[in-house]
Amino acid sequence: MNSFGPSPDQVDLSNCDREPIHQLGRIQSFGYLLAISMDWIIQHVSANIADILGRRPDELLGLPLNQVLPLATMHTVRGKLQLLAPNAGSERLFGSELFGDGRRFDAAIHISSTSIVIEFEEAREETFGNGNPGAVIKAMMARIERSTTSDAVFNECVRQLRAVTGFDRVMLYRFNDSGSGAVVAEALNRDIEPFLGLNYPATDIPRQARQLYLRNRVRIISDVDSTDVDIVPPTGPTGEPLDLSLSVTRAVSPIHVEYLKNMGVSASFSISIVIDDRLWGLFALHHYHPRHLSMEMRSTMELFGQVISLVIEGRLSKEMRRVEEEARDLHDRVVGRLVATSPTMEELIDFADDFRELIHCDGFAIWAKDVVRTVGRCPFPDDMPGLTRFLNRASASRVYASDDLSSVYPKAHDFMDRAAGLLAIPISRSPRDYLIFFRKEIVETVTWAGRPDEKPVEFGPNGPRLTPRKSFEAWQETVRGKSRPWLSSELKAAEALRVSILEVLLRFNEEAERQQT
Ligand code: BLA
């Protein structure tokens with residue numbers, strides 16, 4: 001490790017989003033790197049460069065590139081550079097005889113600040129089944145497109161990825177709005193423990209790593225036990241280490257290496273799923289032995305990631321439209337029944353099942369004229385007067401929802417074991433009456449996906465936190481006292497219900513008044 005890599009006393013589990021993982025000054029040992037200035041003078045090389053060029057770093061630094069690469073390769077590199085848009089990843093070359101001596105290499109070329117970075121890997125024969133990269137993607141997509149629901153798409157993706165790459169475990173992580181995430185699909189070797197359903201905190205993939213995975217959409221870590229290769233010299237003319245954000249051979253954060261080692265994983269490959277410029281999720285592939293994928297295979301999987309991002313986006317928006325349509329139909333049916341039955345405020349409780357179909361919850365209550373009626377799991381009746389006084393202050397005649405009630409209404413700690421989140425619909429003017437939907441604590445509703453008899457692992461210098469089981473426990477801490485969030489589609493349904501109920505009740509009240517006069 002050179003002097004710019006983080007030392008264990010600089011980076012720990014509490015500040016890992018400050019680790020400069022794009023400037024570690026090292027690459028993985030399967031790669032070779034040359035960085036040249038805009039006037040084609042060699043500024044940096046990887047310490048292993050002699051293995052392919054036969055000349056040591058000190059013999060190469062400061063030389064013009066055309067004294068190292070044959071003319072034809074110089075032309076090719078220039079051509080690729082013209083195709084590069086700023087900040088737009090790297091241009092690639094596969095299986096080329098770059099040094100004019102019969103050996104074949106893959107290369108990736110990109111611009112990093114004021115340097116041109118060329119990374120080389122020995123070209124390997126990759127098996128693409130019977131076809132070529134295009135045929136692989138076409139066959140994968142043919143199967144995936146047949147899946148009708150988004151869950152079926154997720155499952156087919158992980159199955160296809162496992163078949164094509166041969167990794168032991170393929171997971172799809174989906175991030176939620178708070179940055180934490182869950183394994184929503186998994187395909188694995190029969191004798192390993194499943195992680196399906198596992199939740200983990202946002203910090204497991206720190207902010208700067210997510211930003212990198214947006215810019216550089218695939219990430220290979222081919223052997224956690226191999227020794228990284230230093231880039232020499234460690235800093236450039238500006239005094240900064242080379243920025244490896246767009247590099248395809250970038251060395252891995254020691255914290256993440258330890259995480260993988262604690263899990264017994266030797267190789268990892270991830271593919272970003274980007275929707276609306278946001279990192280929506282990641283395919284994470286694990287192998288229990290070292291495993292490298294050729295640059296061509298990684299590029300093929302990068303294309304798969306781009307195509308599948310569009311497919312998932314399309315499926316999700318179609319499903320969202322369907323959910324909204326169903327909610328509208330259901331709403332119309334419920335309101336139709338309300339109009340037909342003309343219930344009093346107290347009799348609205350007979351519609352509990354209808355309301356709960358519209359907005360899913362664990363408990364439902366109606367607070368009307370200072371009396372509470374409940375169905376399912378709700379706070380105790382004694383808790384209700386205080387809660388409704390809180391709602392009178394908080395809700396300002398609108399729908400009010402919180403998935404973390406005790407943070408805004410501390411007395412909710414008293415009934416957190418029954419209800420951690422609430423959505424309230426005011427249905428009269430003051431003193432207010434409400435329909436209230438309650439949800440229980442998340443921690444109670446999810447469980448660790450793994451087997452309790454999981455073999456203990458030996459922990460590295462950063463301790464036991466860096467395993468999925470301990471991460472899961474850390475995640476549980478972050479969601480203690482919270483309920484499943486109220487989705488924007490549910491808030492919309494609640495607002496529509498509020499307006500309809502007010503209209504219906506108002507109409508009945510007016511008619512009742514008219515009949516009395
Ligand atoms: C990266 N962390 C990652 C990645 C995943 C996870 C999938 C992407 C890189 C890869 O594919 O290996 C997280 N992997 C998981 C989780 C499971 C899993 C949750 O298999 C559960 C089954 N990681 C931590 C903590 C820190 C951390 C506490 O858990 C920081 C202190 C850091 N994770 C970290 C860093 C990266 C990372 C720095 C980026 C690695 C890189 O690209 O260099």
# chains A, B, ... in the order shown; residues from 1 in each chain; ligands from 1
>>> residues_near_ligand(ligand="ligand 1", cutoff="6 Å", atoms="only C-alpha atoms and all ligand atoms", output="JSON, numbers by chain")
{"A": [12, 13, 16, 21, 195, 200, 203, 204, 205, 206, 209, 252, 253, 255, 256, 268, 269, 270, 284, 466, 468]}
>>> write_last_selection(atoms="C-alpha atoms", output="tab-separated table (two decimals), in the first residue's frame")
chain	number	residue	atom	x	y	z
A	12	ASP	CA	-13.31	3.10	10.18
A	13	LEU	CA	-16.88	1.91	10.07
A	16	CYS	CA	-16.41	5.01	5.53
A	21	ILE	CA	-11.95	4.80	-2.92
A	195	PHE	CA	-29.67	-14.22	1.52
A	200	TYR	CA	-29.07	-4.10	5.05
A	203	THR	CA	-23.76	2.37	4.99
A	204	ASP	CA	-22.87	-1.07	3.59
A	205	ILE	CA	-22.49	0.55	0.19
A	206	PRO	CA	-21.30	4.03	1.15
A	209	ALA	CA	-19.25	3.92	-3.83
A	252	VAL	CA	-10.86	-2.34	-3.93
A	253	SER	CA	-11.41	-0.60	-0.63
A	255	ILE	CA	-12.95	-2.36	4.18
A	256	HIS	CA	-14.98	-3.96	1.42
A	268	SER	CA	-17.43	-10.46	-6.75
A	269	PHE	CA	-18.94	-8.80	-9.78
A	270	SER	CA	-21.64	-6.15	-9.71
A	284	ALA	CA	-24.26	-8.61	-6.99
A	466	LEU	CA	-18.59	-6.48	8.35
A	468	PRO	CA	-24.29	-9.74	6.28
>>> residues_around(residues="A:Asp277", least_positions_apart="4", cutoff="10 Å", atoms="only C-alpha atoms", output="PyMOL selection string")
chain A and resi 214-215+273
>>> closest_residue(among="A:Ala47, A:Val170, A:Leu279, A:Ile42", to="A:Pro64", atoms="only C-alpha atoms")
A:Ile42
>>> select_by_dssp(residues="stretch 275-459 of chain A", states="strand (DSSP E)", output="PyMOL selection string")
chain A and resi 275+278-287+363-368+371-376+400-402+421-426+434-439
>>> closest_residue(among="A:Pro241, A:Gly281, A:Gly62, A:Gly54", to="A:Ala185", atoms="only C-alpha atoms")
A:Gly281
>>> closest_residue(among="A:Trp40, A:Trp486, A:Phe438, A:Phe175", to="A:Leu65", atoms="only C-alpha atoms")
A:Trp40
>>> residues_around(residues="A:Ser266", least_positions_apart="3", cutoff="9 Å", atoms="only C-alpha atoms", output="list in words")
Ile221, Ser222, Asp223, Val224, Asp225, Leu260, Lys261, Met263, His286, His287, Tyr288, His289, Pro290 and Arg291 of chain A
>>> atom_distance(atom1="atom CA of A:Ala108", atom2="atom CA of A:Gln160")
26.2 Å
>>> closest_atom_pairs(of="stretch 226-342 of chain A", to="stretch 142-155 of chain A", cutoff="12 Å", atoms="only C-alpha atoms", output="tab-separated table")
residue	atom	partner	partner_atom	distance
A:Ile273	CA	A:Phe154	CA	11.5
A:Gly281	CA	A:Phe154	CA	11.1
A:Leu282	CA	A:Phe154	CA	11.2
A:Phe283	CA	A:Phe154	CA	9.8
A:Phe304	CA	A:Ile144	CA	11.3
A:Val307	CA	A:Ile144	CA	11.1
A:Ile308	CA	A:Ile144	CA	9.0
A:Ser309	CA	A:Phe154	CA	11.1
A:Leu310	CA	A:Glu145	CA	11.8
A:Val311	CA	A:Glu145	CA	8.3
A:Ile312	CA	A:Ser150	CA	6.9
A:Glu313	CA	A:Ser150	CA	9.5
A:Gly314	CA	A:Ser150	CA	9.4
A:Arg315	CA	A:Ser150	CA	5.9
A:Leu316	CA	A:Ser150	CA	6.7
A:Ser317	CA	A:Ser150	CA	10.2
A:Lys318	CA	A:Ser150	CA	9.6
A:Glu319	CA	A:Ser150	CA	8.1
A:Met320	CA	A:Ser150	CA	10.9
A:Arg322	CA	A:Thr149	CA	11.6
>>> closest_residue(among="A:Gly239, A:Gly134, A:Pro426, A:Gly305", to="A:Asn216", atoms="only C-alpha atoms")
A:Gly305
>>> residues_around(residues="A:Phe94", least_positions_apart="4", cutoff="12 Å", atoms="only C-alpha atoms", output="VMD selection string")
chain A and resid 76 98 104 to 109 119 to 126 133 294 to 300
>>> select_by_dssp(residues="stretch 36-225 of chain A", states="alpha helix (DSSP H)", output="PyMOL selection string")
chain A and resi 50-53+57-60+71-83+133-145+150-165+207-215
>>> write_last_selection(atoms="C-alpha atoms", output="short mmCIF file (atom, residue, chain, number, x, y, z; two decimals), in the first residue's frame")
data_model
loop_
_atom_site.label_atom_id
_atom_site.label_comp_id
_atom_site.auth_asym_id
_atom_site.auth_seq_id
_atom_site.Cartn_x
_atom_site.Cartn_y
_atom_site.Cartn_z
CA ALA A 50 7.52 -4.80 -17.14
CA ASP A 51 5.56 -8.07 -17.35
CA ILE A 52 4.01 -6.93 -20.61
CA LEU A 53 6.33 -4.21 -21.93
CA PRO A 57 8.65 1.83 -14.57
CA ASP A 58 11.75 4.04 -14.24
CA GLU A 59 12.64 3.23 -17.86
CA LEU A 60 9.18 4.21 -19.11
CA LEU A 71 2.39 3.06 -34.84
CA ALA A 72 -0.72 1.04 -35.65
CA THR A 73 -1.66 0.90 -31.95
CA MET A 74 -1.06 4.65 -31.60
CA HIS A 75 -3.57 5.18 -34.45
CA THR A 76 -6.08 2.89 -32.80
CA VAL A 77 -5.74 4.67 -29.45
CA ARG A 78 -6.17 8.07 -31.15
CA GLY A 79 -9.28 6.81 -32.92
CA LYS A 80 -10.77 5.56 -29.65
CA LEU A 81 -9.99 8.87 -27.94
CA GLN A 82 -12.02 10.72 -30.54
CA LEU A 83 -15.03 8.58 -29.64
CA PRO A 133 -21.86 -11.26 -26.99
CA GLY A 134 -24.86 -10.01 -29.00
CA ALA A 135 -26.34 -13.50 -29.15
CA VAL A 136 -25.89 -13.89 -25.38
CA ILE A 137 -27.84 -10.72 -24.63
CA LYS A 138 -30.51 -11.65 -27.17
CA ALA A 139 -31.03 -15.08 -25.60
CA MET A 140 -31.14 -13.62 -22.08
CA MET A 141 -33.63 -10.95 -23.08
CA ALA A 142 -35.85 -13.45 -24.92
CA ARG A 143 -36.40 -15.35 -21.65
CA ILE A 144 -36.71 -12.23 -19.51
CA GLU A 145 -39.27 -10.57 -21.78
CA SER A 150 -41.54 -7.39 -12.24
CA ASP A 151 -40.81 -10.10 -9.64
CA ALA A 152 -40.68 -12.67 -12.42
CA VAL A 153 -38.32 -10.39 -14.36
CA PHE A 154 -36.02 -10.12 -11.31
CA ASN A 155 -35.97 -13.89 -10.83
CA GLU A 156 -35.29 -14.59 -14.48
CA CYS A 157 -32.45 -12.02 -14.52
CA VAL A 158 -30.59 -13.65 -11.63
CA ARG A 159 -31.10 -17.11 -13.15
CA GLN A 160 -29.80 -15.94 -16.53
CA LEU A 161 -26.83 -14.14 -15.00
CA ARG A 162 -25.83 -17.24 -13.09
CA ALA A 163 -26.08 -19.39 -16.19
CA VAL A 164 -23.98 -16.98 -18.28
CA THR A 165 -21.29 -16.04 -15.73
CA ARG A 207 -22.31 7.18 -0.71
CA GLN A 208 -19.09 7.57 -2.72
CA ALA A 209 -19.25 3.92 -3.83
CA ARG A 210 -22.81 4.45 -5.09
CA GLN A 211 -21.68 7.52 -7.00
CA LEU A 212 -18.94 5.45 -8.63
CA TYR A 213 -21.39 2.69 -9.55
CA LEU A 214 -23.50 5.32 -11.34
CA ARG A 215 -20.55 6.44 -13.46
#
>>> residues_around(residues="A:Leu505", least_positions_apart="6", cutoff="10 Å", atoms="only C-alpha atoms", output="list of chain:residue names")
A:Leu338, A:Val339, A:Ser342, A:Pro343, A:Thr344, A:Met345, A:Ile427, A:Ser428, A:Glu511
>>> atom_distance(atom1="atom CA of A:Ser90", atom2="atom CA of A:Ile220")
15.1 Å
>>> atom_distance(atom1="atom CA of A:Ala401", atom2="atom CA of A:Arg328")
20.1 Å
>>> closest_residue(among="A:Asp403, A:Glu186, A:Arg250, A:Met171", to="A:Phe30", atoms="only C-alpha atoms")
A:Arg250
>>> residues_around(residues="stretch 393-396 of chain A", least_positions_apart="4", cutoff="10 Å", atoms="only C-alpha atoms", output="PDB file with N, CA and C atoms, in the first residue's frame")
ATOM      1  N   THR A 388     -55.432  11.447  19.347  1.00  0.00           N
ATOM      2  CA  THR A 388     -56.242  12.300  18.476  1.00  0.00           C
ATOM      3  C   THR A 388     -55.984  13.785  18.748  1.00  0.00           C
ATOM      4  N   ARG A 389     -55.656  14.107  20.020  1.00  0.00           N
ATOM      5  CA  ARG A 389     -55.287  15.511  20.288  1.00  0.00           C
ATOM      6  C   ARG A 389     -54.016  15.865  19.511  1.00  0.00           C
ATOM      7  N   TYR A 400     -52.755  12.750   7.277  1.00  0.00           N
ATOM      8  CA  TYR A 400     -51.479  12.802   7.992  1.00  0.00           C
ATOM      9  C   TYR A 400     -50.912  11.390   8.059  1.00  0.00           C
ATOM     10  N   ALA A 401     -49.628  11.235   7.723  1.00  0.00           N
ATOM     11  CA  ALA A 401     -49.030   9.896   7.783  1.00  0.00           C
ATOM     12  C   ALA A 401     -47.627   9.971   8.356  1.00  0.00           C
ATOM     13  N   VAL A 408     -42.286  11.781  16.356  1.00  0.00           N
ATOM     14  CA  VAL A 408     -43.043  13.045  16.349  1.00  0.00           C
ATOM     15  C   VAL A 408     -44.010  13.136  17.529  1.00  0.00           C
ATOM     16  N   TYR A 409     -44.356  11.968  18.092  1.00  0.00           N
ATOM     17  CA  TYR A 409     -45.304  11.921  19.211  1.00  0.00           C
ATOM     18  C   TYR A 409     -44.734  10.941  20.246  1.00  0.00           C
ATOM     19  N   ALA A 424     -53.754   8.943   9.082  1.00  0.00           N
ATOM     20  CA  ALA A 424     -55.051   9.406   9.598  1.00  0.00           C
ATOM     21  C   ALA A 424     -55.751  10.258   8.555  1.00  0.00           C
ATOM     22  N   ILE A 425     -57.048   9.969   8.380  1.00  0.00           N
ATOM     23  CA  ILE A 425     -57.857  10.755   7.448  1.00  0.00           C
ATOM     24  C   ILE A 425     -58.901  11.511   8.264  1.00  0.00           C
ATOM     25  N   PRO A 426     -58.824  12.843   8.326  1.00  0.00           N
ATOM     26  CA  PRO A 426     -59.849  13.590   9.054  1.00  0.00           C
ATOM     27  C   PRO A 426     -61.175  13.538   8.289  1.00  0.00           C
TER      28      PRO A 426
END
>>> closest_residue(among="A:Val323, A:Glu91, A:Pro254, A:Val335", to="A:Val499", atoms="only C-alpha atoms")
A:Val335
